[in-house]
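So this block is protein29.cif, mmCIF, C-alpha atoms and all ligand atoms:
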```cif
data_my_file
loop_
_atom_site.label_atom_id
_atom_site.label_comp_id
_atom_site.auth_asym_id
_atom_site.auth_seq_id
_atom_site.Cartn_x
_atom_site.Cartn_y
_atom_site.Cartn_z
CA MET A 12 -15.22 41.78 50.99
CA ARG A 13 -11.59 42.51 51.76
CA GLU A 14 -11.70 41.64 55.45
CA ARG A 15 -12.75 38.09 54.62
CA LEU A 16 -9.46 37.59 52.81
CA GLU A 17 -7.93 37.26 56.29
CA LEU A 18 -9.18 33.70 56.07
CA VAL A 19 -7.03 32.91 53.05
CA ASP A 20 -3.78 32.89 54.96
CA ALA A 21 -5.05 32.62 58.52
CA ALA A 22 -2.60 30.92 60.87
CA ARG A 23 -5.24 29.12 62.93
CA LEU A 24 -8.97 28.52 62.51
CA VAL A 25 -11.60 26.88 64.66
CA VAL A 26 -14.28 25.12 62.61
CA LYS A 27 -17.52 23.92 64.21
CA VAL A 28 -19.88 21.54 62.44
CA GLY A 29 -23.36 20.76 63.74
CA SER A 30 -25.17 17.42 64.10
CA SER A 31 -27.64 18.41 61.39
CA SER A 32 -24.77 18.49 58.85
CA LEU A 33 -23.40 15.07 59.77
CA THR A 34 -26.63 13.12 60.10
CA ALA A 35 -28.44 11.43 57.20
CA SER A 36 -32.24 11.57 57.05
CA ASP A 37 -32.44 8.05 58.55
CA GLY A 38 -30.55 9.30 61.61
CA THR A 39 -27.26 7.54 60.88
CA LEU A 40 -23.89 9.21 60.47
CA ASP A 41 -23.65 10.77 57.00
CA GLU A 42 -20.20 9.48 56.01
CA GLU A 43 -20.21 11.20 52.65
CA ALA A 44 -20.84 14.61 54.24
CA LEU A 45 -18.12 13.95 56.80
CA ASP A 46 -15.62 12.94 54.09
CA ALA A 47 -16.40 16.05 52.03
CA LEU A 48 -15.88 18.27 55.08
CA VAL A 49 -12.57 16.57 55.91
CA ASP A 50 -11.33 16.88 52.31
CA ALA A 51 -11.91 20.63 52.38
CA LEU A 52 -10.27 21.02 55.81
CA ALA A 53 -7.27 18.89 54.83
CA GLU A 54 -6.78 21.00 51.72
CA LYS A 55 -6.77 24.12 53.88
CA ARG A 56 -4.35 22.45 56.31
CA ARG A 57 -1.96 21.81 53.41
CA THR A 58 -1.72 25.54 52.77
CA GLY A 59 -0.31 25.97 56.27
CA THR A 60 -3.45 26.93 58.22
CA GLU A 61 -3.83 25.06 61.51
CA ILE A 62 -7.33 23.70 62.03
CA VAL A 63 -9.15 22.81 65.24
CA LEU A 64 -12.43 20.99 64.55
CA VAL A 65 -15.30 21.16 67.03
CA THR A 66 -17.72 18.45 65.99
CA SER A 67 -21.22 17.57 67.11
CA GLY A 68 -23.00 14.40 66.07
CA ALA A 69 -21.98 11.93 68.79
CA VAL A 70 -25.49 11.52 70.20
CA ALA A 71 -27.06 11.29 66.74
CA ALA A 72 -24.47 8.75 65.55
CA GLY A 73 -25.02 6.53 68.59
CA LEU A 74 -28.82 6.35 68.43
CA GLY A 75 -28.97 3.87 65.52
CA PRO A 76 -26.55 1.27 66.89
CA LEU A 77 -28.38 1.30 70.25
CA ARG A 78 -31.74 1.16 68.48
CA LEU A 79 -32.93 4.28 70.25
CA VAL A 80 -35.53 5.84 68.00
CA GLY A 81 -35.28 9.62 67.56
CA ARG A 82 -33.69 11.69 70.29
CA SER A 83 -34.47 9.89 73.54
CA ARG A 84 -35.79 12.13 76.28
CA ILE A 85 -33.88 10.16 78.88
CA VAL A 86 -30.58 11.90 79.60
CA ALA A 87 -28.81 8.64 80.42
CA ASP A 88 -29.81 7.28 76.99
CA SER A 89 -28.32 10.33 75.26
CA GLN A 90 -25.17 9.81 77.29
CA ALA A 91 -24.99 6.15 76.28
CA ALA A 92 -25.61 7.16 72.66
CA ALA A 93 -22.86 9.80 72.88
CA SER A 94 -20.44 7.19 74.21
CA VAL A 95 -21.13 4.85 71.29
CA GLY A 96 -21.44 7.66 68.74
CA MET A 97 -18.23 9.45 69.72
CA GLY A 98 -16.27 6.26 69.06
CA LEU A 99 -17.86 5.97 65.61
CA LEU A 100 -17.29 9.65 64.87
CA ILE A 101 -13.63 9.68 65.85
CA ALA A 102 -12.98 6.42 63.96
CA ARG A 103 -14.49 7.99 60.87
CA TYR A 104 -12.52 11.23 61.28
CA THR A 105 -9.30 9.27 61.88
CA ALA A 106 -9.83 7.38 58.62
CA ALA A 107 -10.90 10.46 56.66
CA PHE A 108 -7.99 12.68 57.79
CA GLY A 109 -5.73 9.62 57.48
CA ARG A 110 -6.32 9.64 53.72
CA HIS A 111 -4.54 13.00 53.81
CA GLU A 112 -1.86 11.71 56.18
CA LEU A 113 -3.10 13.94 58.96
CA PRO A 114 -3.29 12.46 62.48
CA VAL A 115 -6.20 13.51 64.67
CA GLY A 116 -6.35 13.99 68.45
CA GLN A 117 -9.59 13.64 70.40
CA ILE A 118 -10.35 16.22 73.09
CA LEU A 119 -13.55 15.85 75.11
CA LEU A 120 -14.19 18.90 77.28
CA THR A 121 -16.48 19.72 80.18
CA SER A 122 -17.25 23.20 81.41
CA GLU A 123 -15.00 22.43 84.42
CA ASP A 124 -12.04 22.41 82.03
CA THR A 125 -12.69 26.01 81.18
CA VAL A 126 -13.85 27.33 84.56
CA ARG A 127 -10.68 26.34 86.44
CA ARG A 128 -7.62 28.29 85.45
CA GLY A 129 -5.20 25.39 85.87
CA ARG A 130 -7.33 23.13 83.69
CA TYR A 131 -7.84 25.91 81.12
CA ARG A 132 -4.08 26.34 80.85
CA ASN A 133 -3.62 22.59 80.69
CA ALA A 134 -6.13 22.34 77.84
CA ALA A 135 -4.39 25.21 76.02
CA ARG A 136 -1.08 23.36 76.35
CA THR A 137 -2.51 20.14 74.94
CA PHE A 138 -3.96 21.99 71.93
CA GLU A 139 -0.61 23.69 71.31
CA ARG A 140 1.29 20.39 71.40
CA LEU A 141 -1.19 18.62 69.11
CA LEU A 142 -0.99 21.48 66.61
CA ALA A 143 2.80 21.68 66.88
CA HIS A 144 2.96 17.98 65.98
CA GLY A 145 0.78 18.53 62.93
CA ALA A 146 -2.36 16.86 64.31
CA VAL A 147 -5.92 18.07 63.91
CA PRO A 148 -7.57 18.38 67.34
CA ILE A 149 -11.16 17.11 67.24
CA VAL A 150 -13.26 18.49 70.05
CA ASN A 151 -16.65 17.67 71.48
CA GLU A 152 -18.25 17.99 74.86
CA ASN A 153 -17.71 14.98 77.10
CA ASP A 154 -21.41 14.13 76.79
CA ALA A 155 -21.10 10.60 78.17
CA LEU A 156 -20.11 11.77 81.64
CA VAL A 157 -21.05 15.39 82.01
CA THR A 158 -23.83 16.20 84.49
CA ALA A 159 -26.73 18.55 83.78
CA GLU A 160 -25.18 21.33 85.92
CA LEU A 161 -21.80 21.16 84.18
CA ARG A 162 -23.13 20.88 80.65
CA PHE A 163 -22.57 23.38 77.87
CA GLY A 164 -25.33 21.47 76.06
CA ASP A 165 -24.55 22.97 72.69
CA ASN A 166 -21.28 23.04 70.83
CA ASP A 167 -21.74 26.57 69.51
CA ARG A 168 -20.64 28.25 72.73
CA LEU A 169 -18.08 25.50 73.34
CA ALA A 170 -16.57 26.36 69.92
CA ALA A 171 -16.30 30.05 70.90
CA LEU A 172 -14.50 29.07 74.10
CA VAL A 173 -12.14 26.86 72.12
CA ALA A 174 -11.50 29.69 69.63
CA GLN A 175 -10.55 31.92 72.58
CA LEU A 176 -8.50 29.18 74.19
CA VAL A 177 -6.37 28.53 71.10
CA ARG A 178 -6.39 32.21 70.08
CA ALA A 179 -7.84 31.45 66.67
CA ASP A 180 -7.84 34.00 63.85
CA ALA A 181 -11.48 33.19 63.09
CA LEU A 182 -14.34 30.90 64.08
CA LEU A 183 -16.38 29.20 61.36
CA LEU A 184 -19.80 27.83 62.29
CA PHE A 185 -21.10 25.35 59.72
CA THR A 186 -24.74 24.35 59.92
CA ASP A 187 -27.74 23.45 57.73
CA VAL A 188 -28.70 27.01 56.71
CA ASP A 189 -26.53 29.13 54.42
CA ALA A 190 -26.70 32.28 56.57
CA LEU A 191 -28.37 34.04 59.43
CA TYR A 192 -31.77 35.23 58.19
CA ASP A 193 -33.84 38.15 59.41
CA GLY A 194 -36.47 35.63 60.52
CA PRO A 195 -36.99 31.85 60.53
CA PRO A 196 -35.73 30.79 57.06
CA SER A 197 -38.81 28.62 56.52
CA ARG A 198 -40.97 31.76 56.54
CA PRO A 199 -41.48 33.16 53.03
CA GLY A 200 -39.83 36.52 52.41
CA THR A 201 -37.06 36.29 55.01
CA LYS A 202 -33.68 37.53 53.79
CA PRO A 203 -30.10 36.53 54.59
CA ILE A 204 -27.92 38.99 56.53
CA SER A 205 -24.43 39.19 55.08
CA VAL A 206 -22.57 41.30 57.68
CA VAL A 207 -23.17 41.90 61.37
CA ASP A 208 -21.22 44.70 63.02
CA SER A 209 -22.50 43.98 66.49
CA ILE A 210 -24.96 41.48 67.93
CA ASP A 211 -26.86 44.43 69.43
CA GLU A 212 -27.95 45.47 65.94
CA LEU A 213 -29.87 42.16 65.63
CA GLU A 214 -32.61 43.29 67.99
CA GLY A 215 -35.83 42.50 66.18
CA VAL A 216 -34.31 39.65 64.18
CA GLU A 217 -36.27 36.55 65.04
CA VAL A 218 -34.14 33.55 65.89
CA SER A 219 -35.35 30.26 67.21
CA GLY A 220 -34.14 27.02 68.72
CA ARG A 221 -33.10 23.97 66.82
CA GLY A 222 -34.09 23.75 63.22
CA SER A 223 -33.90 20.00 62.69
CA ALA A 224 -34.45 16.84 64.68
CA PHE A 225 -30.71 16.51 65.19
CA GLY A 226 -29.52 20.01 66.13
CA THR A 227 -29.36 21.58 69.60
CA GLY A 228 -29.68 25.26 70.40
CA GLY A 229 -30.48 26.46 66.87
CA MET A 230 -29.64 30.02 65.91
CA VAL A 231 -29.93 31.28 69.49
CA THR A 232 -26.74 29.57 70.66
CA LYS A 233 -24.97 30.44 67.39
CA LEU A 234 -25.56 34.12 68.05
CA GLN A 235 -24.35 33.70 71.63
CA SER A 236 -21.25 32.00 70.25
CA ALA A 237 -20.68 34.79 67.71
CA ASP A 238 -21.07 37.36 70.49
CA MET A 239 -18.49 35.61 72.69
CA ALA A 240 -15.96 35.29 69.87
CA THR A 241 -16.36 38.76 68.35
CA SER A 242 -16.19 40.43 71.76
CA SER A 243 -12.75 38.92 72.23
CA GLY A 244 -11.57 40.04 68.81
CA ILE A 245 -12.32 36.91 66.78
CA PRO A 246 -14.42 37.26 63.58
CA VAL A 247 -17.07 34.62 62.87
CA VAL A 248 -18.46 33.13 59.65
CA LEU A 249 -21.80 31.34 59.78
CA THR A 250 -22.87 29.36 56.75
CA SER A 251 -23.90 25.92 55.54
CA THR A 252 -21.56 22.96 55.49
CA SER A 253 -21.86 22.81 51.71
CA ASN A 254 -20.11 26.22 51.63
CA VAL A 255 -17.01 25.06 53.54
CA ARG A 256 -14.59 25.54 50.65
CA ALA A 257 -15.92 28.95 49.68
CA ALA A 258 -15.87 30.14 53.30
CA LEU A 259 -12.29 28.95 53.83
CA ALA A 260 -11.31 30.76 50.62
CA GLY A 261 -12.65 34.05 52.02
CA GLU A 262 -15.58 34.24 49.59
CA ASP A 263 -18.69 36.24 50.48
CA VAL A 264 -20.84 33.36 51.68
CA GLY A 265 -23.09 33.24 54.72
CA THR A 266 -22.93 35.82 57.48
CA TRP A 267 -19.73 37.55 58.59
CA PHE A 268 -19.69 38.81 62.18
CA ARG A 269 -17.09 41.54 62.62
CA PRO A 270 -14.98 41.62 65.79
CA THR A 271 -16.33 44.22 68.19
CA ARG A 272 -13.26 44.49 70.37
CA LYS A 273 -9.50 44.25 70.09
CA ARG A 274 -7.87 40.94 70.87
CA ALA A 275 -7.46 40.46 74.59
CA SER A 276 -4.88 38.32 76.39
CA ARG A 277 -5.76 34.69 77.07
CA LEU A 278 -6.03 35.47 80.80
CA GLN A 279 -8.43 38.35 80.18
CA VAL A 280 -10.58 36.27 77.86
CA TRP A 281 -10.70 33.49 80.42
CA LEU A 282 -11.64 35.90 83.20
CA GLU A 283 -14.42 37.46 81.16
CA HIS A 284 -15.96 34.40 79.54
CA ALA A 285 -15.06 31.27 81.48
CA ALA A 286 -13.86 31.92 85.02
CA GLN A 287 -16.09 31.65 88.07
CA GLY A 288 -15.23 33.90 91.02
CA ARG A 289 -14.23 32.12 94.24
CA GLY A 290 -15.36 35.16 96.19
CA ARG A 291 -16.29 38.83 95.87
CA LEU A 292 -14.68 42.16 96.62
CA VAL A 293 -17.16 44.99 97.16
CA LEU A 294 -15.87 48.29 95.74
CA ASP A 295 -16.80 51.85 96.66
CA ALA A 296 -18.07 54.15 93.89
CA GLY A 297 -14.65 55.73 93.25
CA ALA A 298 -12.98 52.35 92.80
CA VAL A 299 -15.76 51.20 90.46
CA ARG A 300 -15.23 54.31 88.29
CA ALA A 301 -11.46 53.74 88.20
CA ILE A 302 -11.84 50.06 87.27
CA VAL A 303 -14.46 50.73 84.58
CA ARG A 304 -12.19 53.35 82.99
CA GLY A 305 -9.90 50.39 82.38
CA THR A 306 -6.59 51.89 83.42
CA ALA A 307 -6.44 51.34 87.18
CA SER A 308 -5.51 48.46 89.45
CA LEU A 309 -7.63 47.75 92.51
CA LEU A 310 -6.06 49.07 95.72
CA PRO A 311 -7.16 48.20 99.29
CA ALA A 312 -8.40 51.77 99.82
CA GLY A 313 -11.28 51.25 97.37
CA ILE A 314 -12.58 48.00 98.89
CA VAL A 315 -15.41 48.07 101.42
CA GLY A 316 -16.19 44.37 101.79
CA VAL A 317 -14.85 40.86 101.22
CA GLU A 318 -17.00 37.76 100.70
CA GLY A 319 -16.00 34.13 100.25
CA ASP A 320 -12.99 32.01 100.90
CA PHE A 321 -10.13 32.33 98.42
CA GLY A 322 -6.37 32.33 98.20
CA PRO A 323 -3.88 34.44 96.24
CA GLY A 324 -3.95 33.68 92.50
CA GLU A 325 -7.65 32.76 92.45
CA PRO A 326 -10.36 34.55 90.44
CA VAL A 327 -12.74 36.86 92.31
CA GLU A 328 -15.62 39.08 91.26
CA LEU A 329 -15.37 42.83 91.72
CA VAL A 330 -18.86 44.12 92.55
CA ASP A 331 -20.31 47.55 93.26
CA GLU A 332 -22.21 48.30 96.46
CA GLU A 333 -25.47 47.15 94.82
CA GLY A 334 -23.88 43.76 94.10
CA THR A 335 -23.56 44.23 90.32
CA VAL A 336 -20.51 42.44 88.93
CA VAL A 337 -18.20 45.00 87.32
CA ALA A 338 -15.12 42.88 86.62
CA ARG A 339 -13.35 39.64 87.40
CA GLY A 340 -9.72 39.49 88.40
CA ILE A 341 -6.95 37.47 89.96
CA VAL A 342 -6.56 38.46 93.59
CA ALA A 343 -3.11 38.81 95.14
CA PHE A 344 -4.10 38.16 98.80
CA ASP A 345 -5.82 35.50 100.85
CA SER A 346 -9.42 36.29 101.89
CA SER A 347 -8.33 36.14 105.56
CA GLU A 348 -5.71 38.88 105.04
CA LEU A 349 -7.99 41.39 103.34
CA PRO A 350 -10.39 42.55 106.10
CA ASP A 351 -7.54 44.27 108.00
CA MET A 352 -6.39 46.03 104.84
CA LEU A 353 -9.67 47.60 103.71
CA GLY A 354 -9.82 51.34 103.24
CA ARG A 355 -6.12 51.80 104.02
CA SER A 356 -3.47 53.31 101.76
CA THR A 357 -0.71 51.04 100.51
CA ARG A 358 1.89 53.15 102.33
CA GLU A 359 0.07 52.78 105.64
CA LEU A 360 -0.20 49.03 105.06
CA ARG A 361 3.53 48.73 104.43
CA GLU A 362 4.29 50.57 107.65
CA ARG A 363 1.80 48.50 109.71
CA LEU A 364 2.13 45.06 108.13
CA GLY A 365 5.35 44.98 106.07
CA ASP A 366 6.57 45.39 102.45
CA ARG A 367 4.50 42.48 101.09
CA PHE A 368 1.33 44.51 101.71
CA GLU A 369 2.38 47.51 99.62
CA ARG A 370 0.77 46.27 96.42
CA GLU A 371 -2.42 46.12 94.41
CA VAL A 372 -5.14 43.70 95.50
CA VAL A 373 -5.90 43.04 91.81
CA HIS A 374 -3.41 44.27 89.21
CA ARG A 375 -4.99 45.87 86.13
CA ASP A 376 -3.29 43.30 83.84
CA ASP A 377 -5.05 40.57 85.81
CA LEU A 378 -8.59 41.86 85.45
CA ALA A 379 -11.29 41.93 82.81
CA LEU A 380 -14.41 44.05 82.75
CA VAL A 381 -17.64 42.12 82.58
CA ALA A 382 -20.55 43.05 80.25
CA PRO A 383 -22.57 45.23 79.98
CA VAL A 384 -20.04 47.82 81.11
CA GLY A 385 -17.20 45.72 79.70
CA ARG A 386 -18.63 45.85 76.19
CA GLU A 387 -17.39 49.39 75.83
CA GLN A 388 -13.87 48.52 76.83
CA GLY A 389 -11.10 48.79 74.26
CA SER A 390 -13.39 49.13 71.25
N1 LIG A 401 -33.08 33.73 61.97
C1 LIG A 401 -32.62 32.52 61.62
N2 LIG A 401 -31.72 32.42 60.60
C2 LIG A 401 -31.22 31.24 60.22
N3 LIG A 401 -31.55 30.06 60.82
C3 LIG A 401 -32.43 30.08 61.84
C4 LIG A 401 -32.99 31.31 62.29
N4 LIG A 401 -33.81 31.02 63.33
C5 LIG A 401 -33.76 29.68 63.52
N5 LIG A 401 -32.94 29.08 62.63
C6 LIG A 401 -32.70 27.64 62.56
O1 LIG A 401 -31.44 27.28 63.14
C7 LIG A 401 -31.11 26.01 62.58
C8 LIG A 401 -29.65 25.65 62.81
O2 LIG A 401 -29.42 25.29 64.17
P1 LIG A 401 -29.25 23.76 64.65
O3 LIG A 401 -30.44 22.99 64.23
O4 LIG A 401 -28.91 23.77 66.10
O5 LIG A 401 -28.03 23.30 63.75
P2 LIG A 401 -26.63 22.61 64.05
O6 LIG A 401 -26.92 21.17 64.23
O7 LIG A 401 -25.84 22.90 62.83
O8 LIG A 401 -26.03 23.26 65.28
C9 LIG A 401 -31.51 26.15 61.14
O9 LIG A 401 -31.88 24.91 60.59
C10 LIG A 401 -32.67 27.13 61.14
O10 LIG A 401 -33.89 26.54 60.85
N1 LIG A 402 -22.26 17.20 71.96
C1 LIG A 402 -23.45 16.80 71.23
C2 LIG A 402 -23.94 17.89 70.32
C3 LIG A 402 -24.50 19.10 70.92
C4 LIG A 402 -24.74 20.20 69.85
O1 LIG A 402 -24.41 21.36 70.06
O2 LIG A 402 -25.29 19.89 68.68
P1 LIG A 402 -25.42 20.92 67.43
O3 LIG A 402 -26.41 21.99 67.76
O4 LIG A 402 -25.86 20.06 66.35
O5 LIG A 402 -24.08 21.49 67.17
C5 LIG A 402 -23.18 15.63 70.30
O6 LIG A 402 -22.05 15.42 69.88
O7 LIG A 402 -24.15 14.96 69.97
#
```

Re-express the file's structure as structure tokens.
Ligand SMILES: Nc1ncnc2c1ncn2[C@@H]1O[C@H](COP(=O)(O)OP(=O)(O)O)[C@@H](O)[C@H]1O
Ligand SMILES: N[C@@H](CCC(=O)OP(=O)(O)O)C(=O)O
Amino acid sequence: MRERLELVDAARLVVKVGSSSLTASDGTLDEEALDALVDALAEKRRTGTEIVLVTSGAVAAGLGPLRLVGRSRIVADSQAAASVGMGLLIARYTAAFGRHELPVGQILLTSEDTVRRGRYRNAARTFERLLAHGAVPIVNENDALVTAELRFGDNDRLAALVAQLVRADALLLFTDVDALYDGPPSRPGTKPISVVDSIDELEGVEVSGRGSAFGTGGMVTKLQSADMATSSGIPVVLTSTSNVRAALAGEDVGTWFRPTRKRASRLQVWLEHAAQGRGRLVLDAGAVRAIVRGTASLLPAGIVGVEGDFGPGEPVELVDEEGTVVARGIVAFDSSELPDMLGRSTRELRERLGDRFEREVVHRDDLALVAPVGREQGS
């Protein structure tokens, strides 16, 4: 398939490998599998493609040394295992990439690092510097410290966020099945799906949670990840870890998820997929229509209510009068300034309050539509 050849000379790829691919049947870290993966990635790196690796396996790798049998149900035990296991994992990756003279940099993320704009930008900067210095960033969730409320829990969606953050050309999800199947692969007669144009077309395809004792999230979170990436213009390959070389070479292995939208700016991607509004602006029906059309900025005249406490430069949700979130955007005014401005024209505001008030409340470059309406945008 010609479109897959994009992978041959891609500038930047995000590769995610699941616990099931890095764990031997006795529950210990499968060093041979890890070395084989690194050899293939290093070879790709030599051809000029930058690689960011999102790796799972910290919890699984830490269970053995702590003599915790199977996956403990106690969260604190998993966190202790992750702390021990992440050290082992990174040591192994450092040695394996070291054989190819490639330094690695460890990045442990929490959802807070993506929700806050300053931290998102900071993370993006660190990735850029690591890549500029020729290092391979190795990413996992900061399992040892993250609380239940702030947890991604699975690395599939984390990998999609990282792909957006570093503006990758493609996201590759490596797991223990060779493709997405039209039903649980263990069921006789199920068939692999080679191309997905849109996640919506998978209605009726049965996907389930984790497939092995070591994975988290199973195919459900992989499809969520593919949806996040493709809706921001990033194609996704899903296949087994044994197909790494073939996938990187653009061969027809596994499942290829086509991008469903054009590439958006980093700010727009952040607003749509990661940001959390600090407050809400309630829009009248005319303003909602103008925003959904995708060409208008939000002016004070179209706002009928303000909720929350926020300052200029912070993300807010734009909601219709029923409370449905239509878009998220960066607001230009403080929440205390807005009530006096509502429903007024910008000219009237300039005359009453001064030049600073003759401007958009949210500029159209600083806003992103939110699904389901947003799905139609820019496609
Ligand atoms: N429709 C499906 N197609 C393919 N795999 C599926 C499907 N539904 C469930 N699965 C399961 O998803 C598993 C992969 O997810 P998971 O165990 O979380 O792996 P990883 O550790 O790589 O993230 C597979 O082993 C497979 O059994
Ligand atoms: N962050 C956890 C892995 C979570 C996870 O998503 O696992 P998996 O489904 O195997 O990719 C760890 O390193 O053990």

request  = Throw together the list of residues within 9 Å of ligand LIG 401 (chain A), counting all atoms listed in the file, and drop it here as a count of residues only.
outcome  = 50

So which residues touch segment 207-214 of chain A within 9 Å, counting all atoms listed in the file, skipping near sequence neighbours fewer than 4 positions away, as a PDB file with C-alpha atoms, keeping the file's coordinate frame?
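What landed in part-v3.pdb:
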```pdb
ATOM      1  CA  ASP A 193     -33.840  38.150  59.410  1.00  0.00           C
ATOM      2  CA  LEU A 234     -25.560  34.120  68.050  1.00  0.00           C
ATOM      3  CA  GLN A 235     -24.350  33.700  71.630  1.00  0.00           C
ATOM      4  CA  ALA A 237     -20.680  34.790  67.710  1.00  0.00           C
ATOM      5  CA  ASP A 238     -21.070  37.360  70.490  1.00  0.00           C
ATOM      6  CA  THR A 241     -16.360  38.760  68.350  1.00  0.00           C
ATOM      7  CA  SER A 242     -16.190  40.430  71.760  1.00  0.00           C
ATOM      8  CA  THR A 266     -22.930  35.820  57.480  1.00  0.00           C
ATOM      9  CA  TRP A 267     -19.730  37.550  58.590  1.00  0.00           C
ATOM     10  CA  PHE A 268     -19.690  38.810  62.180  1.00  0.00           C
ATOM     11  CA  ARG A 269     -17.090  41.540  62.620  1.00  0.00           C
ATOM     12  CA  PRO A 270     -14.980  41.620  65.790  1.00  0.00           C
ATOM     13  CA  THR A 271     -16.330  44.220  68.190  1.00  0.00           C
TER      14      THR A 271
END
```

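When atom CA of Val336 of chain A is paired with atom CA of Ala312 of chain A, their separation reads 18.8 Å.
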
task = Point out the residue among A:Phe138, A:Tyr104, A:Tyr131, A:Phe163 with the least atom-to-atom distance to ligand LIG 402 (chain A), counting all atoms listed in the file.
result = A:Phe163

Given 3 Å of margin on each side, can you work out the centre and size in Å (one decimal) of an axis-aligned box holding every listed atom of ligand LIG 402 (chain A), as JSON?
```
{"center_x": -24.2, "center_y": 18.5, "center_z": 69.2, "size_x": 10.4, "size_y": 13.0, "size_z": 11.6}
```

inquiry  = Given the point (-3.5, 19.0, 74.6) in the coordinates of this file, which residues lie within 12 Å, counting all atoms listed in the file, and how would they look as number ranges by chain?
reply    = A: 63, 115-120, 124, 130-144, 146-150, 173, 176-177

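Interatomic distance, atom CA of Phe108 of chain A to atom CA of Leu79 of chain A: 29.1 Å.
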
request  = Excluding Asp376 of chain A and any residue of its chain fewer than 3 positions from it, enumerate the residues within 12 Å of it, using all atoms listed in the file, and give them as a ChimeraX atom specification.
outcome  = /A:275-280,282,302,305-309,339-342,371-373,379-380

Selection file, C-alpha atoms, as an mmCIF file, in the coordinates of the input:
```cif
data_model
loop_
_atom_site.group_PDB
_atom_site.id
_atom_site.type_symbol
_atom_site.label_atom_id
_atom_site.label_comp_id
_atom_site.auth_asym_id
_atom_site.auth_seq_id
_atom_site.Cartn_x
_atom_site.Cartn_y
_atom_site.Cartn_z
ATOM 1 C CA ALA A 275 -7.460 40.460 74.590
ATOM 2 C CA SER A 276 -4.880 38.320 76.390
ATOM 3 C CA ARG A 277 -5.760 34.690 77.070
ATOM 4 C CA LEU A 278 -6.030 35.470 80.800
ATOM 5 C CA GLN A 279 -8.430 38.350 80.180
ATOM 6 C CA VAL A 280 -10.580 36.270 77.860
ATOM 7 C CA LEU A 282 -11.640 35.900 83.200
ATOM 8 C CA ILE A 302 -11.840 50.060 87.270
ATOM 9 C CA GLY A 305 -9.900 50.390 82.380
ATOM 10 C CA THR A 306 -6.590 51.890 83.420
ATOM 11 C CA ALA A 307 -6.440 51.340 87.180
ATOM 12 C CA SER A 308 -5.510 48.460 89.450
ATOM 13 C CA LEU A 309 -7.630 47.750 92.510
ATOM 14 C CA ARG A 339 -13.350 39.640 87.400
ATOM 15 C CA GLY A 340 -9.720 39.490 88.400
ATOM 16 C CA ILE A 341 -6.950 37.470 89.960
ATOM 17 C CA VAL A 342 -6.560 38.460 93.590
ATOM 18 C CA GLU A 371 -2.420 46.120 94.410
ATOM 19 C CA VAL A 372 -5.140 43.700 95.500
ATOM 20 C CA VAL A 373 -5.900 43.040 91.810
ATOM 21 C CA ALA A 379 -11.290 41.930 82.810
ATOM 22 C CA LEU A 380 -14.410 44.050 82.750
#
```

task = Mind checking which residues fall within 8 Å of Glu328 of chain A, counting only C-alpha atoms, ignoring those fewer than 4 positions away in the same chain, and posting them as a ChimeraX atom specification?
result = /A:288-292,336-340

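Taking all atoms listed in the file, the non-local environment of Val157 of chain A within 12 Å (same-chain residues fewer than 3 positions away omitted) comprises Val86, Ala87, Ser89, Gln90, Ala91, Ala93, Ser94, Leu119, Leu120, Thr121, Ser122, Glu123, Asp124, Asn151, Glu152, Asn153, Asp154, Glu160, Leu161, Arg162, Phe163 and Gly164 of chain A.
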
query = If you count all atoms listed in the file, which residues fall within 12 Å of Asp41 of chain A, apart from same-chain ones fewer than 4 positions away, as a PyMOL selection string?
reply = chain A and resi 30-37+45-48+68-69+71-72+99-100+103-104

Selection export as a compact mmCIF listing (two decimals), in the coordinates of the input, atoms kept: C-alpha atoms:
```
# COMPACT_ATOMS: atom_id res chain seq x y z
CA SER A 30 -25.17 17.42 64.10
CA SER A 31 -27.64 18.41 61.39
CA SER A 32 -24.77 18.49 58.85
CA LEU A 33 -23.40 15.07 59.77
CA THR A 34 -26.63 13.12 60.10
CA ALA A 35 -28.44 11.43 57.20
CA SER A 36 -32.24 11.57 57.05
CA ASP A 37 -32.44 8.05 58.55
CA LEU A 45 -18.12 13.95 56.80
CA ASP A 46 -15.62 12.94 54.09
CA ALA A 47 -16.40 16.05 52.03
CA LEU A 48 -15.88 18.27 55.08
CA GLY A 68 -23.00 14.40 66.07
CA ALA A 69 -21.98 11.93 68.79
CA ALA A 71 -27.06 11.29 66.74
CA ALA A 72 -24.47 8.75 65.55
CA LEU A 99 -17.86 5.97 65.61
CA LEU A 100 -17.29 9.65 64.87
CA ARG A 103 -14.49 7.99 60.87
CA TYR A 104 -12.52 11.23 61.28
```

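With all atoms listed in the file as the atoms that count, the residue of A:Ala343, A:Ala286, A:Ala174, A:Leu378 with the shortest distance to Arg128 of chain A is A:Ala286.
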
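In terms of minimum interatomic distance to Ser243 of chain A, A:Asp180 ranks closest within A:Glu362, A:Glu42, A:Asp180, A:Glu262, counting all atoms listed in the file.
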
note = Using all atoms listed in the file, the residue out of A:Val293, A:Met12, A:Ala92, A:Met352 with shortest distance to ligand LIG 402 (chain A) is A:Ala92

inquiry  = What's the separation between atom CA of Glu332 of chain A and atom CA of Ala296 of chain A, in Å to one decimal place?
reply    = 7.6 Å

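With all atoms listed in the file as the atoms that count, the residue of A:Leu310, A:Leu64, A:Ala179, A:Leu294 with the shortest distance to Ile101 of chain A is A:Leu64.
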